[in-house]
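Only one structure is covered here, and it is reproduced in the block below.
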2 protein chains.
Amino acid sequence: MISDVARAATTSDVFNAIAEPQRRQMLVLLRAGEWPVTELAQELGMAQPRASKHLRVLREVGLVRDRKAGKQRLYGLDARGLRPVHEWTGGFERFWAESFDRLDAYVHDLKQQRQED
Amino acid sequence: MISDVARAATTSDVFNAIAEPQRRQMLVLLRAGEWPVTELAQELGMAQPRASKHLRVLREVGLVRDRKAGKQRLYGLDARGLRPVHEWTGGFERFWAESFDRLDAYVHDLKQQRQED
DNA sequence: AAATCATATTCCTATATCGGAATACGTCAA
DNA sequence: TTGACGTATTCCGATATAGGAATATGATTT
């Protein structure tokens with residue numbers, strides 16, 4: 001009996017995929033073009049199996065595509081999946097400008113509060 | 001001896017904080033203004049402790065601020081932390097337009113390849 | 001102080017992940 | 001076929017979470 005409780009969504013969505021710093025680095029490198037696993041690994045200073053695992057996650061969420069190229073396997077970027085993330089955060093754009101004022105007010109209130117304690 | 005290996009970064013950064021769907025929903029609700037925990041929980045159909053835990057994560061990464069309001073504690077949005085995410089994904093903007101073409105070509109190649117197998 | 005309402009925390013369990021090491025798999029060349 | 005090279009997978013171990021339930025903490029009112 002496999003309980004479905006505990007950890008809801010997993011690495012199978014883009015938000016989770018890019019939550020890992022090293023995977024983000026990989027995506028950045030891939031903007032320059034296609035890379036074989038080994039070179040990516042070397043560039044990022046990680047062992048090859050580790051690179052392969054991260055690439056697998058990226059592939060599973062569709063951020064990366066691979067194709068055979070002789071002995072090698074070249075990984076390439078498919079950035080379309082990042083668009084929803086960009087748009088989601090974009091929905092907060094007007095707030096992070098606002099936040100400054102609001103925050104100032106907030107901090108001000110806090111100080112008042114402290115003095116009153 | 002606490003090994004530092006295993007899971008690199010944790011919930012202590014924004015990317016991870018927003019990797020959780022429910023936390024994203026919270027942030028969206030918070031755009032409408034400040035909310036007490038209980039109402040947020042109810043709106044999202046989750047128990048109060050759960051909401052508190054998620055809010056704690058959001059607070060720790062700075063996406064949310066709270067202030068006392070009588071018996072209640074009102075949570076408010078501080079969207080500034082989302083800006084880096086927006087900008088990071090924005091760095092791929094020109095690629096997700098491109099991707100269509102590149103992908104078409106890719107898929108085309110794939111078909112060729114399959115036929116040759 | 002006691003009761004009450006609002007929120008945070010703790011304890012426990014199930015699972016998800018990351019990393020390393022070893023190894024399996026695939027492909028090309030001799 | 002056998003090497004050799006490039007890449008993926010499997011098998012650990014350690015840790016990070018998420019959720020639930022129960023409980024502790026805070027603040028307000030009577």
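If you're wondering about the labels, chains in the structure tokens are A, B, ... by order shown, residues count from 1 in each chain, ligands from 1 in order shown.
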Inset, instruction - Give me, as a list in words, the contact residues of chain C against chain A at a cut-off of 10 Å, counting only C-alpha atoms (C1' of nucleotides). - result: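 Listed by rising number, the hits are DT13, DA14, DT15, DA16, DT17, DC18, DG19, DG20, DG26, DT27 and DC28 of chain C.
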Dump of C-alpha atoms (C1' of nucleotides) for the selected residues, as a compact mmCIF listing (two decimals), in the first residue's frame:
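Saved the output as selection_36.txt:
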# COMPACT_ATOMS: atom_id res chain seq x y z
C1' DT C 13 5.78 8.82 9.35
C1' DA C 14 6.31 8.28 4.44
C1' DT C 15 8.70 9.71 0.71
C1' DA C 16 11.71 12.48 -2.26
C1' DT C 17 16.24 13.78 -3.49
C1' DC C 18 21.06 14.50 -3.89
C1' DG C 19 25.56 12.63 -4.10
C1' DG C 20 29.09 8.97 -4.60
C1' DG C 26 25.69 1.93 -26.43
C1' DT C 27 28.41 3.13 -30.10
C1' DC C 28 32.36 3.43 -32.88
Using backbone DSSP assignments, extract all strand (DSSP E) residues from stretch 36-89 of chain B; output them as a PDB file with all heavy atoms, in the first residue's frame.
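Saved result, part.pdb, follows:
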ATOM      1  N   PRO B  36      -5.069  36.734   7.321  1.00  0.00           N
ATOM      2  CA  PRO B  36      -4.706  35.984   8.520  1.00  0.00           C
ATOM      3  C   PRO B  36      -4.567  34.522   8.116  1.00  0.00           C
ATOM      4  O   PRO B  36      -5.170  34.084   7.134  1.00  0.00           O
ATOM      5  CB  PRO B  36      -5.905  36.184   9.426  1.00  0.00           C
ATOM      6  CG  PRO B  36      -7.049  36.402   8.482  1.00  0.00           C
ATOM      7  CD  PRO B  36      -6.457  37.152   7.313  1.00  0.00           C
ATOM      8  N   VAL B  64       7.293  37.032   2.226  1.00  0.00           N
ATOM      9  CA  VAL B  64       6.108  37.374   2.990  1.00  0.00           C
ATOM     10  C   VAL B  64       6.505  38.052   4.298  1.00  0.00           C
ATOM     11  O   VAL B  64       7.562  37.779   4.845  1.00  0.00           O
ATOM     12  CB  VAL B  64       5.324  36.062   3.251  1.00  0.00           C
ATOM     13  CG1 VAL B  64       4.776  36.022   4.640  1.00  0.00           C
ATOM     14  CG2 VAL B  64       4.258  35.861   2.205  1.00  0.00           C
ATOM     15  N   ARG B  65       5.710  38.969   4.720  1.00  0.00           N
ATOM     16  CA  ARG B  65       5.960  39.660   5.980  1.00  0.00           C
ATOM     17  C   ARG B  65       4.731  39.471   6.845  1.00  0.00           C
ATOM     18  O   ARG B  65       3.645  39.295   6.324  1.00  0.00           O
ATOM     19  CB  ARG B  65       6.137  41.159   5.734  1.00  0.00           C
ATOM     20  CG  ARG B  65       7.349  41.511   4.927  1.00  0.00           C
ATOM     21  CD  ARG B  65       8.556  41.624   5.829  1.00  0.00           C
ATOM     22  NE  ARG B  65       9.779  41.831   5.049  1.00  0.00           N
ATOM     23  CZ  ARG B  65      10.943  42.148   5.613  1.00  0.00           C
ATOM     24  NH1 ARG B  65      11.030  42.283   6.934  1.00  0.00           N
ATOM     25  NH2 ARG B  65      12.010  42.312   4.867  1.00  0.00           N
ATOM     26  N   ASP B  66       4.913  39.540   8.114  1.00  0.00           N
ATOM     27  CA  ASP B  66       3.721  39.434   8.954  1.00  0.00           C
ATOM     28  C   ASP B  66       3.735  40.517  10.018  1.00  0.00           C
ATOM     29  O   ASP B  66       4.789  41.019  10.391  1.00  0.00           O
ATOM     30  CB  ASP B  66       3.685  38.057   9.610  1.00  0.00           C
ATOM     31  CG  ASP B  66       4.829  37.866  10.576  1.00  0.00           C
ATOM     32  OD1 ASP B  66       5.978  37.828  10.102  1.00  0.00           O
ATOM     33  OD2 ASP B  66       4.588  37.782  11.790  1.00  0.00           O
ATOM     34  N   ARG B  67       2.563  40.857  10.444  1.00  0.00           N
ATOM     35  CA  ARG B  67       2.469  41.852  11.513  1.00  0.00           C
ATOM     36  C   ARG B  67       1.299  41.469  12.391  1.00  0.00           C
ATOM     37  O   ARG B  67       0.342  40.838  11.955  1.00  0.00           O
ATOM     38  CB  ARG B  67       2.279  43.241  10.938  1.00  0.00           C
ATOM     39  CG  ARG B  67       0.943  43.457  10.257  1.00  0.00           C
ATOM     40  CD  ARG B  67       0.877  44.873   9.658  1.00  0.00           C
ATOM     41  NE  ARG B  67      -0.393  45.066   8.957  1.00  0.00           N
ATOM     42  CZ  ARG B  67      -1.512  45.472   9.561  1.00  0.00           C
ATOM     43  NH1 ARG B  67      -1.519  45.711  10.848  1.00  0.00           N
ATOM     44  NH2 ARG B  67      -2.630  45.616   8.870  1.00  0.00           N
ATOM     45  N   LYS B  68       1.422  41.843  13.619  1.00  0.00           N
ATOM     46  CA  LYS B  68       0.361  41.518  14.553  1.00  0.00           C
ATOM     47  C   LYS B  68      -0.795  42.467  14.336  1.00  0.00           C
ATOM     48  O   LYS B  68      -0.599  43.644  14.055  1.00  0.00           O
ATOM     49  CB  LYS B  68       0.860  41.664  15.983  1.00  0.00           C
ATOM     50  CG  LYS B  68       1.905  40.656  16.373  1.00  0.00           C
ATOM     51  CD  LYS B  68       2.384  40.925  17.799  1.00  0.00           C
ATOM     52  CE  LYS B  68       3.651  40.113  18.094  1.00  0.00           C
ATOM     53  NZ  LYS B  68       4.293  40.576  19.363  1.00  0.00           N
ATOM     54  N   ALA B  69      -1.968  41.934  14.479  1.00  0.00           N
ATOM     55  CA  ALA B  69      -3.163  42.747  14.356  1.00  0.00           C
ATOM     56  C   ALA B  69      -4.141  42.172  15.361  1.00  0.00           C
ATOM     57  O   ALA B  69      -4.946  41.301  15.043  1.00  0.00           O
ATOM     58  CB  ALA B  69      -3.721  42.681  12.944  1.00  0.00           C
ATOM     59  N   GLN B  72      -5.000  38.433  15.769  1.00  0.00           N
ATOM     60  CA  GLN B  72      -4.524  37.805  14.535  1.00  0.00           C
ATOM     61  C   GLN B  72      -3.102  38.219  14.159  1.00  0.00           C
ATOM     62  O   GLN B  72      -2.515  39.103  14.754  1.00  0.00           O
ATOM     63  CB  GLN B  72      -5.453  38.177  13.388  1.00  0.00           C
ATOM     64  CG  GLN B  72      -6.864  37.695  13.601  1.00  0.00           C
ATOM     65  CD  GLN B  72      -7.715  37.998  12.388  1.00  0.00           C
ATOM     66  OE1 GLN B  72      -8.496  37.179  11.947  1.00  0.00           O
ATOM     67  NE2 GLN B  72      -7.544  39.186  11.834  1.00  0.00           N
ATOM     68  N   ARG B  73      -2.638  37.543  13.142  1.00  0.00           N
ATOM     69  CA  ARG B  73      -1.340  37.866  12.576  1.00  0.00           C
ATOM     70  C   ARG B  73      -1.562  37.949  11.078  1.00  0.00           C
ATOM     71  O   ARG B  73      -1.945  36.963  10.448  1.00  0.00           O
ATOM     72  CB  ARG B  73      -0.361  36.746  12.917  1.00  0.00           C
ATOM     73  CG  ARG B  73       1.034  36.931  12.366  1.00  0.00           C
ATOM     74  CD  ARG B  73       1.942  35.855  12.909  1.00  0.00           C
ATOM     75  NE  ARG B  73       2.208  36.095  14.323  1.00  0.00           N
ATOM     76  CZ  ARG B  73       3.224  36.854  14.771  1.00  0.00           C
ATOM     77  NH1 ARG B  73       4.059  37.380  13.912  1.00  0.00           N
ATOM     78  NH2 ARG B  73       3.399  37.038  16.056  1.00  0.00           N
ATOM     79  N   LEU B  74      -1.385  39.122  10.551  1.00  0.00           N
ATOM     80  CA  LEU B  74      -1.673  39.305   9.133  1.00  0.00           C
ATOM     81  C   LEU B  74      -0.429  39.112   8.278  1.00  0.00           C
ATOM     82  O   LEU B  74       0.621  39.672   8.564  1.00  0.00           O
ATOM     83  CB  LEU B  74      -2.242  40.701   8.893  1.00  0.00           C
ATOM     84  CG  LEU B  74      -3.591  40.965   9.574  1.00  0.00           C
ATOM     85  CD1 LEU B  74      -4.101  42.353   9.213  1.00  0.00           C
ATOM     86  CD2 LEU B  74      -4.610  39.905   9.149  1.00  0.00           C
ATOM     87  N   TYR B  75      -0.591  38.321   7.262  1.00  0.00           N
ATOM     88  CA  TYR B  75       0.508  38.072   6.337  1.00  0.00           C
ATOM     89  C   TYR B  75       0.337  38.908   5.090  1.00  0.00           C
ATOM     90  O   TYR B  75      -0.759  39.011   4.541  1.00  0.00           O
ATOM     91  CB  TYR B  75       0.567  36.587   5.968  1.00  0.00           C
ATOM     92  CG  TYR B  75       1.253  35.770   7.029  1.00  0.00           C
ATOM     93  CD1 TYR B  75       0.537  35.261   8.115  1.00  0.00           C
ATOM     94  CD2 TYR B  75       2.623  35.546   6.976  1.00  0.00           C
ATOM     95  CE1 TYR B  75       1.181  34.524   9.115  1.00  0.00           C
ATOM     96  CE2 TYR B  75       3.269  34.824   7.959  1.00  0.00           C
ATOM     97  CZ  TYR B  75       2.545  34.321   9.022  1.00  0.00           C
ATOM     98  OH  TYR B  75       3.187  33.610  10.004  1.00  0.00           O
ATOM     99  N   GLY B  76       1.432  39.496   4.672  1.00  0.00           N
ATOM    100  CA  GLY B  76       1.374  40.329   3.483  1.00  0.00           C
ATOM    101  C   GLY B  76       2.504  39.993   2.534  1.00  0.00           C
ATOM    102  O   GLY B  76       3.529  39.453   2.933  1.00  0.00           O
ATOM    103  N   LEU B  77       2.296  40.305   1.295  1.00  0.00           N
ATOM    104  CA  LEU B  77       3.253  39.988   0.252  1.00  0.00           C
ATOM    105  C   LEU B  77       4.449  40.938   0.242  1.00  0.00           C
ATOM    106  O   LEU B  77       4.303  42.129   0.461  1.00  0.00           O
ATOM    107  CB  LEU B  77       2.521  40.085  -1.089  1.00  0.00           C
ATOM    108  CG  LEU B  77       3.256  39.749  -2.374  1.00  0.00           C
ATOM    109  CD1 LEU B  77       3.663  38.292  -2.377  1.00  0.00           C
ATOM    110  CD2 LEU B  77       2.345  40.058  -3.559  1.00  0.00           C
TER     111      LEU B  77
END
Inset, instruction - Counting only C-alpha atoms (C1' of nucleotides), collect the residues of chain D whose closest atom lies at most 12 Å from chain B, and write them out as number ranges by chain. - result: D: 13-23, 26-29
Using only C-alpha atoms, which residues of chain A come within 8 Å of chain B, and what is the closest atom pair for each, with the distance in Å to one decimal? Give it as a Markdown table, sorted by chain and residue number.
| residue | atom | partner | partner_atom | distance |
| --- | --- | --- | --- | --- |
| A:Ala9 | CA | B:Glu20 | CA | 7.5 |
| A:Phe15 | CA | B:Ala19 | CA | 4.9 |
| A:Asn16 | CA | B:Ala19 | CA | 5.0 |
| A:Ile18 | CA | B:Phe15 | CA | 7.2 |
| A:Ala19 | CA | B:Phe15 | CA | 4.9 |
| A:Glu20 | CA | B:Ala9 | CA | 7.5 |
| A:Pro21 | CA | B:Ala9 | CA | 7.7 |
| A:Arg31 | CA | B:Phe95 | CA | 7.8 |
| A:Asp78 | CA | B:Ser99 | CA | 5.8 |
| A:Ala79 | CA | B:Trp96 | CA | 4.8 |
| A:Arg80 | CA | B:Trp96 | CA | 4.5 |
| A:Gly81 | CA | B:Trp96 | CA | 7.9 |
| A:Leu82 | CA | B:Thr89 | CA | 6.1 |
| A:Arg83 | CA | B:Trp96 | CA | 7.2 |
| A:Val85 | CA | B:Thr89 | CA | 7.0 |
| A:His86 | CA | B:His86 | CA | 5.2 |
| A:Glu87 | CA | B:His86 | CA | 7.8 |
| A:Thr89 | CA | B:His86 | CA | 5.4 |
| A:Gly90 | CA | B:His86 | CA | 6.3 |
| A:Phe92 | CA | B:Ala79 | CA | 6.4 |
| A:Glu93 | CA | B:Arg83 | CA | 7.4 |
| A:Phe95 | CA | B:Ala79 | CA | 5.8 |
| A:Trp96 | CA | B:Arg80 | CA | 4.5 |
| A:Ala97 | CA | B:Arg80 | CA | 7.6 |
| A:Ser99 | CA | B:Asp78 | CA | 5.8 |
| A:Leu103 | CA | B:Asp78 | CA | 7.6 |
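Among the candidates A:Ser12, A:Val57, A:Val37, A:Gly45, the residue lying nearest to D:DG6 is A:Val37 (atoms considered: only C-alpha atoms (C1' of nucleotides)).
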Legend entry - DSSP helix (DSSP H, G or I) residues within stretch 25-91 of chain A, as a PyMOL selection string: chain A and resi 25-30+37-43+48-60+79-90
Legend entry - Interatomic distance, atom CA of B:Gln42 to atom C1' of D:DT30 (Å, one decimal): 28.7 Å
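The coordinates place atom CA of A:Ser52 at 7.4 Å from atom C1' of D:DT7.
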Inset, instruction - Just the residues within 12 Å of C:DA22, please, counting only C-alpha atoms (C1' of nucleotides), with nothing from its chain fewer than 2 positions along; format it as a list of chain:residue names. - result: A:Pro49, C:DG20, C:DA24, D:DT9, D:DT10, D:DC11, D:DC12
May I have the residues from that selection written out with N, CA, C and O atoms (P, O5', C5', C4', C3', O3' and C1' of nucleotides), as a PDB file, in the first residue's frame?
ATOM      1  N   PRO A  49      28.152  11.102 -13.792  1.00  0.00           N
ATOM      2  CA  PRO A  49      26.849  10.532 -13.428  1.00  0.00           C
ATOM      3  C   PRO A  49      25.913  11.593 -12.854  1.00  0.00           C
ATOM      4  O   PRO A  49      24.716  11.588 -13.116  1.00  0.00           O
TER       5      PRO A  49
ATOM      6  P    DG C  20      29.308  14.010  -5.377  1.00  0.00           P
ATOM      7  O5'  DG C  20      29.632  12.504  -4.951  1.00  0.00           O
ATOM      8  C5'  DG C  20      29.829  12.202  -3.574  1.00  0.00           C
ATOM      9  C4'  DG C  20      30.132  10.730  -3.421  1.00  0.00           C
ATOM     10  C3'  DG C  20      31.133  10.203  -4.437  1.00  0.00           C
ATOM     11  O3'  DG C  20      32.053   9.345  -3.770  1.00  0.00           O
ATOM     12  C1'  DG C  20      29.091   8.972  -4.599  1.00  0.00           C
ATOM     13  P    DA C  24      27.623  -4.822 -14.154  1.00  0.00           P
ATOM     14  O5'  DA C  24      26.444  -4.456 -15.155  1.00  0.00           O
ATOM     15  C5'  DA C  24      25.209  -4.000 -14.625  1.00  0.00           C
ATOM     16  C4'  DA C  24      24.565  -3.073 -15.629  1.00  0.00           C
ATOM     17  C3'  DA C  24      24.535  -3.656 -17.046  1.00  0.00           C
ATOM     18  O3'  DA C  24      23.240  -3.415 -17.583  1.00  0.00           O
ATOM     19  C1'  DA C  24      25.605  -1.543 -17.074  1.00  0.00           C
TER      20       DA C  24
ATOM     21  P    DT D   9      18.826   6.308 -17.982  1.00  0.00           P
ATOM     22  O5'  DT D   9      19.412   5.254 -16.960  1.00  0.00           O
ATOM     23  C5'  DT D   9      19.870   3.997 -17.427  1.00  0.00           C
ATOM     24  C4'  DT D   9      20.206   3.090 -16.261  1.00  0.00           C
ATOM     25  C3'  DT D   9      19.239   3.199 -15.084  1.00  0.00           C
ATOM     26  O3'  DT D   9      18.930   1.873 -14.670  1.00  0.00           O
ATOM     27  C1'  DT D   9      21.460   3.514 -14.342  1.00  0.00           C
ATOM     28  P    DT D  10      17.833   1.662 -13.544  1.00  0.00           P
ATOM     29  O5'  DT D  10      18.740   0.994 -12.416  1.00  0.00           O
ATOM     30  C5'  DT D  10      19.700   0.006 -12.779  1.00  0.00           C
ATOM     31  C4'  DT D  10      20.543  -0.344 -11.573  1.00  0.00           C
ATOM     32  C3'  DT D  10      19.737  -0.414 -10.273  1.00  0.00           C
ATOM     33  O3'  DT D  10      20.192  -1.536  -9.524  1.00  0.00           O
ATOM     34  C1'  DT D  10      21.507   1.121 -10.031  1.00  0.00           C
ATOM     35  P    DC D  11      19.300  -2.016  -8.294  1.00  0.00           P
ATOM     36  O5'  DC D  11      20.309  -1.691  -7.103  1.00  0.00           O
ATOM     37  C5'  DC D  11      21.694  -2.027  -7.246  1.00  0.00           C
ATOM     38  C4'  DC D  11      22.471  -1.495  -6.057  1.00  0.00           C
ATOM     39  C3'  DC D  11      21.640  -1.447  -4.771  1.00  0.00           C
ATOM     40  O3'  DC D  11      22.461  -1.859  -3.679  1.00  0.00           O
ATOM     41  C1'  DC D  11      22.462   0.706  -5.253  1.00  0.00           C
ATOM     42  P    DC D  12      21.849  -1.985  -2.250  1.00  0.00           P
ATOM     43  O5'  DC D  12      21.536  -0.454  -1.984  1.00  0.00           O
ATOM     44  C5'  DC D  12      21.713   0.049  -0.693  1.00  0.00           C
ATOM     45  C4'  DC D  12      23.096   0.622  -0.510  1.00  0.00           C
ATOM     46  C3'  DC D  12      23.087   1.536   0.715  1.00  0.00           C
ATOM     47  O3'  DC D  12      24.022   1.106   1.676  1.00  0.00           O
ATOM     48  C1'  DC D  12      23.641   2.790  -1.275  1.00  0.00           C
TER      49       DC D  12
END
Legend entry - For atom CA of A:Met26 and atom CA of A:Leu63, the interatomic separation in Å (one decimal):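 We find that atom CA of A:Met26 and atom CA of A:Leu63 lie 10.6 Å from each other.
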Legend entry - Residues near D:DT2, cut-off 12 Å, only C-alpha atoms (C1' of nucleotides), skip fewer than 2 positions along chain, as an NGL selection string: (:C and (29-30)) or (:D and (4))
Using all heavy atoms, can you export the residues from the last selection as a PDB file, in the first residue's frame?
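File out_38.pdb, as written:
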ATOM      1  P    DA C  29      34.048   5.487 -36.108  1.00  0.00           P
ATOM      2  OP1  DA C  29      34.476   6.829 -36.553  1.00  0.00           O
ATOM      3  OP2  DA C  29      33.267   4.609 -37.012  1.00  0.00           O
ATOM      4  O5'  DA C  29      35.339   4.676 -35.631  1.00  0.00           O
ATOM      5  C5'  DA C  29      36.076   5.148 -34.502  1.00  0.00           C
ATOM      6  C4'  DA C  29      37.201   4.169 -34.215  1.00  0.00           C
ATOM      7  O4'  DA C  29      36.654   2.969 -33.605  1.00  0.00           O
ATOM      8  C3'  DA C  29      37.927   3.711 -35.479  1.00  0.00           C
ATOM      9  O3'  DA C  29      39.319   3.580 -35.191  1.00  0.00           O
ATOM     10  C2'  DA C  29      37.301   2.366 -35.790  1.00  0.00           C
ATOM     11  C1'  DA C  29      36.972   1.831 -34.388  1.00  0.00           C
ATOM     12  N9   DA C  29      35.826   0.928 -34.358  1.00  0.00           N
ATOM     13  C8   DA C  29      34.648   1.040 -35.052  1.00  0.00           C
ATOM     14  N7   DA C  29      33.791   0.077 -34.811  1.00  0.00           N
ATOM     15  C5   DA C  29      34.449  -0.725 -33.882  1.00  0.00           C
ATOM     16  C6   DA C  29      34.078  -1.910 -33.204  1.00  0.00           C
ATOM     17  N6   DA C  29      32.897  -2.503 -33.379  1.00  0.00           N
ATOM     18  N1   DA C  29      34.966  -2.458 -32.359  1.00  0.00           N
ATOM     19  C2   DA C  29      36.155  -1.855 -32.187  1.00  0.00           C
ATOM     20  N3   DA C  29      36.615  -0.728 -32.759  1.00  0.00           N
ATOM     21  C4   DA C  29      35.707  -0.211 -33.599  1.00  0.00           C
ATOM     22  P    DA C  30      40.294   3.302 -36.444  1.00  0.00           P
ATOM     23  OP1  DA C  30      41.365   4.319 -36.386  1.00  0.00           O
ATOM     24  OP2  DA C  30      39.522   3.107 -37.678  1.00  0.00           O
ATOM     25  O5'  DA C  30      40.906   1.907 -36.004  1.00  0.00           O
ATOM     26  C5'  DA C  30      41.440   1.766 -34.683  1.00  0.00           C
ATOM     27  C4'  DA C  30      41.720   0.304 -34.417  1.00  0.00           C
ATOM     28  O4'  DA C  30      40.483  -0.414 -34.272  1.00  0.00           O
ATOM     29  C3'  DA C  30      42.482  -0.393 -35.550  1.00  0.00           C
ATOM     30  O3'  DA C  30      43.424  -1.299 -34.992  1.00  0.00           O
ATOM     31  C2'  DA C  30      41.415  -1.172 -36.287  1.00  0.00           C
ATOM     32  C1'  DA C  30      40.466  -1.538 -35.155  1.00  0.00           C
ATOM     33  N9   DA C  30      39.080  -1.764 -35.570  1.00  0.00           N
ATOM     34  C8   DA C  30      38.362  -1.059 -36.489  1.00  0.00           C
ATOM     35  N7   DA C  30      37.133  -1.500 -36.671  1.00  0.00           N
ATOM     36  C5   DA C  30      37.043  -2.573 -35.796  1.00  0.00           C
ATOM     37  C6   DA C  30      36.008  -3.482 -35.505  1.00  0.00           C
ATOM     38  N6   DA C  30      34.798  -3.422 -36.106  1.00  0.00           N
ATOM     39  N1   DA C  30      36.236  -4.428 -34.591  1.00  0.00           N
ATOM     40  C2   DA C  30      37.438  -4.474 -34.002  1.00  0.00           C
ATOM     41  N3   DA C  30      38.511  -3.679 -34.193  1.00  0.00           N
ATOM     42  C4   DA C  30      38.241  -2.748 -35.113  1.00  0.00           C
TER      43       DA C  30
ATOM     44  P    DA D   4      41.845  -1.009 -24.615  1.00  0.00           P
ATOM     45  OP1  DA D   4      43.241  -0.621 -24.949  1.00  0.00           O
ATOM     46  OP2  DA D   4      41.490  -1.430 -23.248  1.00  0.00           O
ATOM     47  O5'  DA D   4      40.880   0.181 -25.044  1.00  0.00           O
ATOM     48  C5'  DA D   4      41.006   0.736 -26.348  1.00  0.00           C
ATOM     49  C4'  DA D   4      40.101   1.944 -26.461  1.00  0.00           C
ATOM     50  O4'  DA D   4      38.735   1.504 -26.720  1.00  0.00           O
ATOM     51  C3'  DA D   4      40.038   2.794 -25.177  1.00  0.00           C
ATOM     52  O3'  DA D   4      40.056   4.159 -25.558  1.00  0.00           O
ATOM     53  C2'  DA D   4      38.714   2.415 -24.554  1.00  0.00           C
ATOM     54  C1'  DA D   4      37.863   2.108 -25.778  1.00  0.00           C
ATOM     55  N9   DA D   4      36.759   1.185 -25.556  1.00  0.00           N
ATOM     56  C8   DA D   4      36.724   0.112 -24.703  1.00  0.00           C
ATOM     57  N7   DA D   4      35.592  -0.534 -24.711  1.00  0.00           N
ATOM     58  C5   DA D   4      34.819   0.144 -25.640  1.00  0.00           C
ATOM     59  C6   DA D   4      33.516  -0.050 -26.110  1.00  0.00           C
ATOM     60  N6   DA D   4      32.709  -1.045 -25.700  1.00  0.00           N
ATOM     61  N1   DA D   4      33.041   0.810 -27.039  1.00  0.00           N
ATOM     62  C2   DA D   4      33.844   1.798 -27.457  1.00  0.00           C
ATOM     63  N3   DA D   4      35.095   2.080 -27.088  1.00  0.00           N
ATOM     64  C4   DA D   4      35.525   1.211 -26.169  1.00  0.00           C
TER      65       DA D   4
END
